[in-house]
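Structure file upload-v9.cif with mmCIF, C-alpha atoms:
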data_coords
#
loop_
_atom_site.group_PDB
_atom_site.id
_atom_site.type_symbol
_atom_site.label_atom_id
_atom_site.label_comp_id
_atom_site.auth_asym_id
_atom_site.auth_seq_id
_atom_site.Cartn_x
_atom_site.Cartn_y
_atom_site.Cartn_z
ATOM 1 C CA MET A 1 12.272 27.917 -1.901
ATOM 2 C CA ALA A 2 11.279 29.228 1.532
ATOM 3 C CA VAL A 3 12.878 32.048 3.494
ATOM 4 C CA THR A 4 13.052 32.239 7.280
ATOM 5 C CA VAL A 5 13.372 35.873 8.329
ATOM 6 C CA ILE A 6 15.076 36.225 11.714
ATOM 7 C CA VAL A 7 14.797 39.477 13.649
ATOM 8 C CA VAL A 8 16.626 39.903 16.955
ATOM 9 C CA ASN A 9 14.769 42.460 19.053
ATOM 10 C CA TYR A 10 15.978 44.426 22.059
ATOM 11 C CA ASN A 11 13.919 47.467 23.032
ATOM 12 C CA ALA A 12 13.370 48.498 19.411
ATOM 13 C CA GLY A 13 10.083 50.248 20.211
ATOM 14 C CA PRO A 14 8.107 51.587 17.237
ATOM 15 C CA ALA A 15 10.941 50.686 14.842
ATOM 16 C CA LEU A 16 9.924 47.018 15.031
ATOM 17 C CA PRO A 17 6.359 47.420 13.665
ATOM 18 C CA ARG A 18 7.683 49.723 10.933
ATOM 19 C CA MET A 19 10.078 46.986 9.872
ATOM 20 C CA VAL A 20 7.385 44.304 9.939
ATOM 21 C CA ASP A 21 4.968 46.526 7.986
ATOM 22 C CA SER A 22 7.587 46.992 5.267
ATOM 23 C CA LEU A 23 8.436 43.294 5.098
ATOM 24 C CA ALA A 24 4.967 41.742 5.313
ATOM 25 C CA PRO A 25 3.790 42.327 1.706
ATOM 26 C CA ALA A 26 6.742 40.306 0.376
ATOM 27 C CA LEU A 27 6.270 37.263 2.598
ATOM 28 C CA GLY A 28 5.034 34.225 0.683
ATOM 29 C CA PRO A 29 2.988 31.303 2.052
ATOM 30 C CA ASP A 30 6.133 29.224 2.622
ATOM 31 C CA ASP A 31 8.097 32.027 4.301
ATOM 32 C CA GLU A 32 8.162 32.642 8.040
ATOM 33 C CA LEU A 33 9.011 35.536 10.325
ATOM 34 C CA LEU A 34 10.739 34.699 13.620
ATOM 35 C CA VAL A 35 11.267 37.440 16.190
ATOM 36 C CA VAL A 36 13.756 36.509 18.909
ATOM 37 C CA ASP A 37 13.443 38.898 21.832
ATOM 38 C CA ASN A 38 16.317 39.383 24.269
ATOM 39 C CA ALA A 39 14.303 40.380 27.345
ATOM 40 C CA SER A 40 13.115 43.741 26.035
ATOM 41 C CA GLU A 41 11.718 46.080 28.663
ATOM 42 C CA ASP A 42 9.545 48.083 26.259
ATOM 43 C CA ASN A 43 6.283 47.200 24.497
ATOM 44 C CA SER A 44 7.823 46.449 21.088
ATOM 45 C CA LEU A 45 6.513 42.866 20.933
ATOM 46 C CA ASP A 46 3.020 43.970 21.924
ATOM 47 C CA LEU A 47 2.991 46.306 18.916
ATOM 48 C CA ILE A 48 3.193 43.360 16.493
ATOM 49 C CA SER A 49 1.459 40.626 18.497
ATOM 50 C CA ASN A 50 -1.573 40.660 16.190
ATOM 51 C CA HIS A 51 0.210 41.571 12.968
ATOM 52 C CA ALA A 52 -1.096 40.029 9.744
ATOM 53 C CA SER A 53 2.361 38.580 8.997
ATOM 54 C CA ASN A 54 1.780 36.149 11.896
ATOM 55 C CA PRO A 55 5.243 36.433 13.478
ATOM 56 C CA VAL A 56 6.513 33.632 15.674
ATOM 57 C CA PHE A 57 8.044 34.861 18.944
ATOM 58 C CA ILE A 58 10.940 33.372 20.853
ATOM 59 C CA ARG A 59 11.089 35.182 24.197
ATOM 60 C CA ASN A 60 14.316 34.992 26.171
ATOM 61 C CA PRO A 61 14.219 35.680 29.923
ATOM 62 C CA ASP A 62 17.543 37.507 29.672
ATOM 63 C CA ASN A 63 19.682 39.233 27.037
ATOM 64 C CA ARG A 64 21.605 36.369 25.447
ATOM 65 C CA GLY A 65 23.300 38.502 22.825
ATOM 66 C CA PHE A 66 22.866 38.720 19.077
ATOM 67 C CA SER A 67 24.665 35.518 18.076
ATOM 68 C CA ALA A 68 22.800 33.287 20.513
ATOM 69 C CA ALA A 69 19.468 34.789 19.469
ATOM 70 C CA VAL A 70 20.218 34.284 15.763
ATOM 71 C CA ASN A 71 21.133 30.679 16.487
ATOM 72 C CA GLN A 72 17.793 30.162 18.230
ATOM 73 C CA GLY A 73 16.061 31.460 15.124
ATOM 74 C CA MET A 74 18.103 29.229 12.832
ATOM 75 C CA ALA A 75 17.356 26.189 14.988
ATOM 76 C CA ALA A 76 13.611 26.906 14.831
ATOM 77 C CA GLY A 77 13.436 27.999 11.185
ATOM 78 C CA ARG A 78 12.534 25.685 8.334
ATOM 79 C CA GLY A 79 13.549 27.854 5.355
ATOM 80 C CA ASP A 80 16.082 27.086 2.639
ATOM 81 C CA PHE A 81 17.527 30.534 3.363
ATOM 82 C CA PHE A 82 17.869 32.564 6.542
ATOM 83 C CA LEU A 83 17.430 36.319 6.171
ATOM 84 C CA LEU A 84 18.741 38.314 9.118
ATOM 85 C CA LEU A 85 17.153 41.737 9.503
ATOM 86 C CA ASN A 86 17.614 44.306 12.233
ATOM 87 C CA PRO A 87 14.401 45.631 13.773
ATOM 88 C CA ASP A 88 15.426 49.177 12.820
ATOM 89 C CA VAL A 89 15.374 48.636 9.037
ATOM 90 C CA VAL A 90 12.745 49.353 6.413
ATOM 91 C CA VAL A 91 12.630 46.798 3.608
ATOM 92 C CA GLN A 92 11.951 48.169 0.141
ATOM 93 C CA PRO A 93 9.351 46.481 -2.100
ATOM 94 C CA GLY A 94 10.865 43.595 -4.033
ATOM 95 C CA THR A 95 13.959 43.300 -1.847
ATOM 96 C CA LEU A 96 13.136 39.933 -0.273
ATOM 97 C CA ARG A 97 12.343 38.216 -3.576
ATOM 98 C CA GLU A 98 15.334 39.873 -5.255
ATOM 99 C CA MET A 99 17.652 38.386 -2.634
ATOM 100 C CA GLU A 100 16.069 34.974 -3.178
ATOM 101 C CA ARG A 101 16.523 35.348 -6.959
ATOM 102 C CA PHE A 102 20.128 36.474 -6.472
ATOM 103 C CA MET A 103 21.020 33.436 -4.365
ATOM 104 C CA ALA A 104 19.432 31.113 -6.916
ATOM 105 C CA ALA A 105 21.478 32.780 -9.672
ATOM 106 C CA HIS A 106 24.714 32.450 -7.654
ATOM 107 C CA PRO A 107 24.806 28.879 -6.312
ATOM 108 C CA GLY A 108 28.353 29.395 -5.050
ATOM 109 C CA ALA A 109 27.257 32.262 -2.799
ATOM 110 C CA GLY A 110 26.738 31.094 0.750
ATOM 111 C CA VAL A 111 26.133 34.563 2.156
ATOM 112 C CA ALA A 112 24.855 37.759 0.553
ATOM 113 C CA GLY A 113 23.853 41.242 1.579
ATOM 114 C CA GLY A 114 22.170 44.093 -0.211
ATOM 115 C CA ARG A 115 22.407 47.860 -0.455
ATOM 116 C CA VAL A 116 21.979 49.208 3.076
ATOM 117 C CA CYS A 117 21.216 52.924 3.060
ATOM 118 C CA GLU A 118 21.104 55.641 5.673
ATOM 119 C CA THR A 119 17.771 57.391 6.137
ATOM 120 C CA ASP A 120 19.072 60.160 3.836
ATOM 121 C CA GLY A 121 19.851 57.645 1.069
ATOM 122 C CA ARG A 122 23.627 57.445 1.504
ATOM 123 C CA LEU A 123 25.229 53.999 1.404
ATOM 124 C CA GLN A 124 26.130 52.572 4.805
ATOM 125 C CA LEU A 125 29.699 51.552 4.196
ATOM 126 C CA ALA A 126 29.535 48.647 6.657
ATOM 127 C CA CYS A 127 27.152 46.750 4.361
ATOM 128 C CA ARG A 128 30.166 45.425 2.380
ATOM 129 C CA ARG A 129 33.606 45.405 3.888
ATOM 130 C CA GLY A 130 36.963 43.728 4.217
ATOM 131 C CA PHE A 131 38.191 41.580 7.076
ATOM 132 C CA PRO A 132 39.878 43.663 9.822
ATOM 133 C CA SER A 133 43.333 42.150 9.553
ATOM 134 C CA PRO A 134 46.101 44.060 11.386
ATOM 135 C CA TRP A 135 47.002 45.873 8.142
ATOM 136 C CA VAL A 136 43.405 46.761 7.298
ATOM 137 C CA ALA A 137 42.762 47.939 10.860
ATOM 138 C CA PHE A 138 45.955 50.036 10.801
ATOM 139 C CA CYS A 139 44.880 51.737 7.569
ATOM 140 C CA ARG A 140 41.528 52.524 9.132
ATOM 141 C CA LEU A 141 42.849 53.844 12.456
ATOM 142 C CA SER A 142 45.697 55.812 10.854
ATOM 143 C CA GLY A 143 43.331 57.532 8.430
ATOM 144 C CA LEU A 144 44.946 56.070 5.300
ATOM 145 C CA SER A 145 41.634 54.542 4.217
ATOM 146 C CA PHE A 146 40.015 57.988 4.370
ATOM 147 C CA MET A 147 42.865 59.742 2.581
ATOM 148 C CA PHE A 148 42.959 57.184 -0.237
ATOM 149 C CA PRO A 149 39.376 55.871 -0.594
ATOM 150 C CA GLN A 150 40.010 54.527 -4.115
ATOM 151 C CA SER A 151 43.113 52.564 -3.144
ATOM 152 C CA THR A 152 42.845 48.789 -3.147
ATOM 153 C CA LEU A 153 45.821 48.748 -0.753
ATOM 154 C CA PHE A 154 44.649 51.269 1.864
ATOM 155 C CA ALA A 155 40.832 51.217 1.612
ATOM 156 C CA ARG A 156 39.956 47.589 2.220
ATOM 157 C CA TYR A 157 38.126 48.260 5.492
ATOM 158 C CA ASN A 158 35.023 49.625 3.757
ATOM 159 C CA LEU A 159 35.918 48.677 0.165
ATOM 160 C CA THR A 160 35.276 52.248 -0.955
ATOM 161 C CA PHE A 161 37.092 51.562 -4.223
ATOM 162 C CA LEU A 162 34.169 49.363 -5.346
ATOM 163 C CA ASP A 163 31.275 50.780 -7.362
ATOM 164 C CA PRO A 164 28.226 50.673 -5.039
ATOM 165 C CA ASP A 165 25.987 50.075 -8.075
ATOM 166 C CA GLN A 166 27.792 46.884 -9.135
ATOM 167 C CA GLU A 167 27.431 43.455 -7.564
ATOM 168 C CA ALA A 168 30.698 42.151 -6.186
ATOM 169 C CA GLU A 169 32.296 39.381 -4.194
ATOM 170 C CA VAL A 170 33.406 40.855 -0.856
ATOM 171 C CA ASP A 171 34.875 39.677 2.418
ATOM 172 C CA ALA A 172 31.844 40.334 4.607
ATOM 173 C CA VAL A 173 28.375 41.840 4.686
ATOM 174 C CA SER A 174 26.409 43.292 7.582
ATOM 175 C CA GLY A 175 24.301 41.216 9.953
ATOM 176 C CA SER A 176 21.688 43.953 9.778
ATOM 177 C CA PHE A 177 20.774 42.542 6.347
ATOM 178 C CA MET A 178 22.306 39.169 5.590
ATOM 179 C CA MET A 179 20.936 36.198 3.658
ATOM 180 C CA ILE A 180 22.507 32.838 4.483
ATOM 181 C CA ARG A 181 22.065 29.581 2.625
ATOM 182 C CA ARG A 182 21.005 26.847 5.040
ATOM 183 C CA ALA A 183 23.632 24.541 3.517
ATOM 184 C CA VAL A 184 26.352 26.847 4.854
ATOM 185 C CA THR A 185 25.180 26.465 8.448
ATOM 186 C CA GLU A 186 24.999 22.713 7.968
ATOM 187 C CA GLN A 187 28.641 22.729 6.868
ATOM 188 C CA ILE A 188 30.309 25.248 9.195
ATOM 189 C CA GLY A 189 27.829 25.615 12.038
ATOM 190 C CA ARG A 190 25.904 28.673 13.133
ATOM 191 C CA PHE A 191 27.087 31.933 14.693
ATOM 192 C CA ASP A 192 29.905 31.858 17.236
ATOM 193 C CA GLU A 193 28.332 32.798 20.579
ATOM 194 C CA ASP A 194 31.655 34.095 21.896
ATOM 195 C CA PHE A 195 30.601 37.231 19.996
ATOM 196 C CA PHE A 196 27.878 38.716 22.188
ATOM 197 C CA LEU A 197 27.293 41.765 20.005
ATOM 198 C CA TYR A 198 29.173 42.931 16.879
ATOM 199 C CA ALA A 199 31.709 41.102 14.665
ATOM 200 C CA GLU A 200 29.678 37.881 14.666
ATOM 201 C CA ASP A 201 28.686 38.650 11.073
ATOM 202 C CA ILE A 202 32.310 39.165 10.028
ATOM 203 C CA ASP A 203 33.332 35.958 11.786
ATOM 204 C CA PHE A 204 30.591 33.965 10.051
ATOM 205 C CA CYS A 205 31.598 35.339 6.636
ATOM 206 C CA PHE A 206 35.252 34.536 7.384
ATOM 207 C CA ARG A 207 34.383 30.914 8.172
ATOM 208 C CA ALA A 208 32.087 30.630 5.145
ATOM 209 C CA LYS A 209 34.859 31.799 2.817
ATOM 210 C CA GLN A 210 37.339 29.431 4.456
ATOM 211 C CA ALA A 211 34.911 26.632 3.613
ATOM 212 C CA GLY A 212 34.851 27.648 -0.055
ATOM 213 C CA TRP A 213 31.648 29.721 -0.186
ATOM 214 C CA LYS A 214 31.434 33.180 -1.728
ATOM 215 C CA VAL A 215 30.165 36.253 0.097
ATOM 216 C CA MET A 216 28.345 38.601 -2.282
ATOM 217 C CA TYR A 217 27.024 42.168 -2.348
ATOM 218 C CA ASN A 218 23.791 42.732 -4.306
ATOM 219 C CA PRO A 219 23.007 46.434 -4.943
ATOM 220 C CA ALA A 220 19.628 45.573 -6.503
ATOM 221 C CA ALA A 221 18.214 44.722 -3.052
ATOM 222 C CA PRO A 222 17.891 47.919 -0.979
ATOM 223 C CA ILE A 223 16.859 48.558 2.610
ATOM 224 C CA THR A 224 16.994 51.632 4.844
ATOM 225 C CA HIS A 225 18.699 51.272 8.211
ATOM 226 C CA ALA A 226 18.155 53.691 11.089
ATOM 227 C CA LYS A 227 21.359 52.456 12.650
ATOM 228 C CA GLY A 228 21.690 51.983 16.388
ATOM 229 C CA VAL A 229 18.087 51.938 17.630
ATOM 230 C CA CYS A 230 18.671 48.892 19.842
ATOM 231 C CA ALA A 231 22.222 49.864 20.826
ATOM 232 C CA ASP A 232 21.050 53.347 21.816
ATOM 233 C CA SER A 233 18.995 51.824 24.632
ATOM 234 C CA SER A 234 22.316 50.861 26.255
ATOM 235 C CA PRO A 235 25.026 53.012 24.599
ATOM 236 C CA GLY A 236 27.870 52.427 27.058
ATOM 237 C CA PRO A 237 27.757 48.605 27.049
ATOM 238 C CA ALA A 238 27.204 48.573 23.276
ATOM 239 C CA ALA A 239 30.337 50.648 22.692
ATOM 240 C CA TYR A 240 32.292 48.392 25.064
ATOM 241 C CA GLN A 241 31.119 45.270 23.210
ATOM 242 C CA PHE A 242 32.150 46.711 19.834
ATOM 243 C CA TYR A 243 35.831 46.905 20.811
ATOM 244 C CA HIS A 244 35.738 43.777 22.970
ATOM 245 C CA THR A 245 34.587 41.713 19.983
ATOM 246 C CA MET A 246 37.217 43.265 17.743
ATOM 247 C CA TRP A 247 39.832 41.716 20.011
ATOM 248 C CA THR A 248 37.876 38.433 20.078
ATOM 249 C CA PHE A 249 37.935 38.356 16.263
ATOM 250 C CA HIS A 250 41.642 39.200 16.096
ATOM 251 C CA LYS A 251 42.548 36.566 18.681
ATOM 252 C CA LYS A 252 40.515 33.911 16.882
ATOM 253 C CA HIS A 253 41.726 34.530 13.338
ATOM 254 C CA PHE A 254 44.955 36.577 13.295
ATOM 255 C CA TYR A 255 46.691 36.314 16.682
ATOM 256 C CA LYS A 256 48.857 33.287 15.859
ATOM 257 C CA LYS A 257 49.872 34.806 12.514
ATOM 258 C CA THR A 258 50.876 38.173 13.993
ATOM 259 C CA LEU A 259 54.172 39.181 15.609
ATOM 260 C CA PRO A 260 53.979 39.457 19.437
ATOM 261 C CA PRO A 261 54.829 43.217 19.528
ATOM 262 C CA VAL A 262 51.987 43.893 17.050
ATOM 263 C CA ASN A 263 49.588 41.792 19.115
ATOM 264 C CA LEU A 264 50.537 43.809 22.176
ATOM 265 C CA LEU A 265 49.930 47.104 20.380
ATOM 266 C CA ILE A 266 46.544 45.896 19.155
ATOM 267 C CA TRP A 267 45.579 44.724 22.651
ATOM 268 C CA LEU A 268 46.618 48.044 24.201
ATOM 269 C CA GLY A 269 44.692 49.960 21.554
ATOM 270 C CA VAL A 270 41.558 47.895 22.132
ATOM 271 C CA GLN A 271 41.810 48.285 25.913
ATOM 272 C CA GLY A 272 42.090 52.036 25.504
ATOM 273 C CA MET A 273 39.057 52.149 23.243
ATOM 274 C CA LYS A 274 37.082 49.944 25.659
ATOM 275 C CA PHE A 275 37.758 52.519 28.387
ATOM 276 C CA VAL A 276 37.157 55.712 26.396
ATOM 277 C CA LYS A 277 34.392 54.890 23.908
ATOM 278 C CA PRO A 278 31.692 53.712 26.371
ATOM 279 C CA ARG A 279 32.056 56.909 28.384
ATOM 280 C CA LEU A 280 31.923 59.010 25.238
ATOM 281 C CA ALA A 281 28.822 57.130 24.036
ATOM 282 C CA GLN A 282 27.078 57.671 27.380
ATOM 283 C CA PHE A 283 27.987 61.366 27.312
ATOM 284 C CA LYS A 284 26.554 61.804 23.820
ATOM 285 C CA ALA A 285 23.382 59.900 24.755
ATOM 286 C CA ALA A 286 22.921 62.116 27.830
ATOM 287 C CA ARG A 287 23.272 65.254 25.706
ATOM 288 C CA ARG A 288 20.707 63.997 23.196
ATOM 289 C CA SER A 289 18.196 63.285 25.959
ATOM 290 C CA LYS A 290 18.314 66.860 27.278
#

Show how you would write the structure in this file as structure tokens.
Amino acid sequence: MAVTVIVVNYNAGPALPRMVDSLAPALGPDDELLVVDNASEDNSLDLISNHASNPVFIRNPDNRGFSAAVNQGMAAGRGDFFLLLNPDVVVQPGTLREMERFMAAHPGAGVAGGRVCETDGRLQLACRRGFPSPWVAFCRLSGLSFMFPQSTLFARYNLTFLDPDQEAEVDAVSGSFMMIRRAVTEQIGRFDEDFFLYAEDIDFCFRAKQAGWKVMYNPAAPITHAKGVCADSSPGPAAYQFYHTMWTFHKKHFYKKTLPPVNLLIWLGVQGMKFVKPRLAQFKAARRSK
């Protein structure tokens, strides 16, 4: 079995060669590393141009977004599995082969993710999560999920009631570290390019589960994720896109099933966040740069 590793790069700087250095020892002769660059303005590609892992570059003249770049990688890749990795992760020894073993042991799993950790070792909760239905989103925004983290009713957003050391079937895993069986893309298609940045991973998992595939969390496959390296190069637009795609996801999957007054409240909430959060992100970035 061959694995096509797809990395979408956007101004990742020195994080990109760190990621490639960590991944390279695990790459087998049938594996391939594809780096899709969305018009980076830094020298990140130059830093790995002569790397021993022999990466293949797809250079876009403009920023086409995460989904479109992943789809370019999938179209070019020849592997039985696609492994999506962010350029700001460090892959632990054995992780790549463990994910391949895990998928072979779970033939019903179309998508899987591993244990994504902060740089201090804490679990990044977004690496296994529930779908943001209106109820799940309400529990998150109201604070109920934080007040009752062990509740299967209130804490579905980040599934904090699950043991992080136990494998589990979940709703979705993070696109920062996601293995996809090629057969899934052949059945349901690739990523939805209406999602420019964020929520494309949740949408893909939603469609995979609708088609009868399982989405799995594998704690035996760890990586470290210095979250936000690419987004930090453009914090305001990144924050805007986060809330814009939340509405895109809701409209695609839940809008017709939701009462009109609830849809209106969700829309108003998203519009408010789209106005406030980008300005807050830019303010924080400006303070950090001082």

Item to check | From A:Leu27, A:Met1, A:Val89, A:Ala52, residue lying nearest Ala226 (chain A) [all atoms listed in the file] | outcome: A:Val89

Next on the checklist: Ranking A:Ala238, A:Leu264, A:Cys117, A:Ala24 by minimum distance to Lys251 (chain A) and counting all atoms listed in the file, which one comes first?
Outcome noted: A:Leu264

Checklist entry - Of the candidates A:Ala137, A:Leu159, A:Ala112, A:Val270, which shows the shortest atom-to-atom distance to Cys205 (chain A), using all atoms listed in the file? => result A:Ala112

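Remark: for Asp194 (chain A), the closest of the candidate residues A:Leu144, A:Ala68, A:Met99, A:Val215 is A:Ala68 (distances computed over all atoms listed in the file).
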
Checklist entry - Once the PyMOL selection byres ((chain A and resi 161) around 7) has been applied to the shown file, what residues remain in the selection, as JSON, numbers by chain? => result {"A": [149, 150, 151, 152, 155, 159, 160, 162, 163]}

Next on the checklist: Counting all atoms listed in the file, find residues at most 12 Å from (4.5, 31.5, 0.8) (file frame) and give them as a list of chain:residue names.
Outcome noted: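 Checked against the point, the hits come out as A:Met1, A:Ala2, A:Val3, A:Thr4, A:Ala24, A:Pro25, A:Ala26, A:Leu27, A:Gly28, A:Pro29, A:Asp30, A:Asp31, A:Glu32, A:Leu33, A:Ser53, A:Gly79, A:Arg97.
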
Just need the box for region 189-192 of chain A, edges along x, y and z, holding every atom the file lists for it with 6 Å tacked onto each side, so centre and edge lengths in Å to one decimal, as JSON.
{"center_x": 27.9, "center_y": 28.8, "center_z": 14.6, "size_x": 16.0, "size_y": 18.3, "size_z": 17.2}

Next on the checklist: Quick one: residues within 8 Å of Arg129 (chain A), only C-alpha atoms, excluding same-chain residues fewer than 5 positions away - as number ranges by chain?
Outcome noted: A: 156-159, 170-173

Checklist entry - In Å to one decimal, how far is CA of Arg181 (chain A) from CA of Lys214 (chain A)? => result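 Between CA of Lys214 (chain A) and CA of Arg181 (chain A) the gap works out to 10.9 Å.
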
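Put simply, the PyMOL selection byres ((chain A and resi 222) around 7) in this file takes in Gln92, Thr95, Gly114, Arg115, Val116, Pro219, Ala220, Ala221, Ile223 and Thr224 of chain A.
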
Taking (2.9, 41.3, 21.9) as a centre in this file's frame and 12 Å as the limit, can you find every polymer residue with an atom that close, using only C-alpha atoms, and give them as a PDB file with C-alpha atoms, in the frame of the given file?
ATOM      1  CA  GLY A  13      10.083  50.248  20.211  1.00  0.00           C
ATOM      2  CA  LEU A  16       9.924  47.018  15.031  1.00  0.00           C
ATOM      3  CA  PRO A  17       6.359  47.420  13.665  1.00  0.00           C
ATOM      4  CA  VAL A  35      11.267  37.440  16.190  1.00  0.00           C
ATOM      5  CA  ASP A  37      13.443  38.898  21.832  1.00  0.00           C
ATOM      6  CA  SER A  40      13.115  43.741  26.035  1.00  0.00           C
ATOM      7  CA  ASP A  42       9.545  48.083  26.259  1.00  0.00           C
ATOM      8  CA  ASN A  43       6.283  47.200  24.497  1.00  0.00           C
ATOM      9  CA  SER A  44       7.823  46.449  21.088  1.00  0.00           C
ATOM     10  CA  LEU A  45       6.513  42.866  20.933  1.00  0.00           C
ATOM     11  CA  ASP A  46       3.020  43.970  21.924  1.00  0.00           C
ATOM     12  CA  LEU A  47       2.991  46.306  18.916  1.00  0.00           C
ATOM     13  CA  ILE A  48       3.193  43.360  16.493  1.00  0.00           C
ATOM     14  CA  SER A  49       1.459  40.626  18.497  1.00  0.00           C
ATOM     15  CA  ASN A  50      -1.573  40.660  16.190  1.00  0.00           C
ATOM     16  CA  HIS A  51       0.210  41.571  12.968  1.00  0.00           C
ATOM     17  CA  ASN A  54       1.780  36.149  11.896  1.00  0.00           C
ATOM     18  CA  PRO A  55       5.243  36.433  13.478  1.00  0.00           C
ATOM     19  CA  VAL A  56       6.513  33.632  15.674  1.00  0.00           C
ATOM     20  CA  PHE A  57       8.044  34.861  18.944  1.00  0.00           C
ATOM     21  CA  ILE A  58      10.940  33.372  20.853  1.00  0.00           C
ATOM     22  CA  ARG A  59      11.089  35.182  24.197  1.00  0.00           C
TER      23      ARG A  59
END

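Within 9 Å of Trp135 (chain A), once only C-alpha atoms are used and residues closer than 4 positions along the same chain are dropped, the contacting residues are A:Cys139, A:Arg140, A:Phe154.
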
Please evaluate the PyMOL selection byres ((chain A and resi 245) around 9) against the displayed coordinates and give the resulting residues as a JSON list (two decimals) with C-alpha atoms, in the frame of the given file.
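Full text of selection-v9.json as output:
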[["chain", "number", "residue", "atom", "x", "y", "z"],
["A", 194, "ASP", "CA", 31.66, 34.10, 21.90],
["A", 195, "PHE", "CA", 30.60, 37.23, 20.00],
["A", 196, "PHE", "CA", 27.88, 38.72, 22.19],
["A", 197, "LEU", "CA", 27.29, 41.76, 20.00],
["A", 198, "TYR", "CA", 29.17, 42.93, 16.88],
["A", 199, "ALA", "CA", 31.71, 41.10, 14.66],
["A", 200, "GLU", "CA", 29.68, 37.88, 14.67],
["A", 240, "TYR", "CA", 32.29, 48.39, 25.06],
["A", 241, "GLN", "CA", 31.12, 45.27, 23.21],
["A", 242, "PHE", "CA", 32.15, 46.71, 19.83],
["A", 243, "TYR", "CA", 35.83, 46.90, 20.81],
["A", 244, "HIS", "CA", 35.74, 43.78, 22.97],
["A", 246, "MET", "CA", 37.22, 43.26, 17.74],
["A", 247, "TRP", "CA", 39.83, 41.72, 20.01],
["A", 248, "THR", "CA", 37.88, 38.43, 20.08],
["A", 249, "PHE", "CA", 37.94, 38.36, 16.26],
["A", 250, "HIS", "CA", 41.64, 39.20, 16.10]]

Checklist entry - Given the choices A:Pro87, A:Pro93, A:Gly143, A:Gly77, which gets closest to Asn11 (chain A) if the distance is worked out from only C-alpha atoms? => result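 Among A:Pro87, A:Pro93, A:Gly143, A:Gly77, it is A:Pro87 that comes nearest to Asn11 (chain A).
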
Checklist entry - Expressed in Å to a single decimal, how great is the separation between CA of Asp203 (chain A) and CA of Thr119 (chain A)? => result 27.1 Å
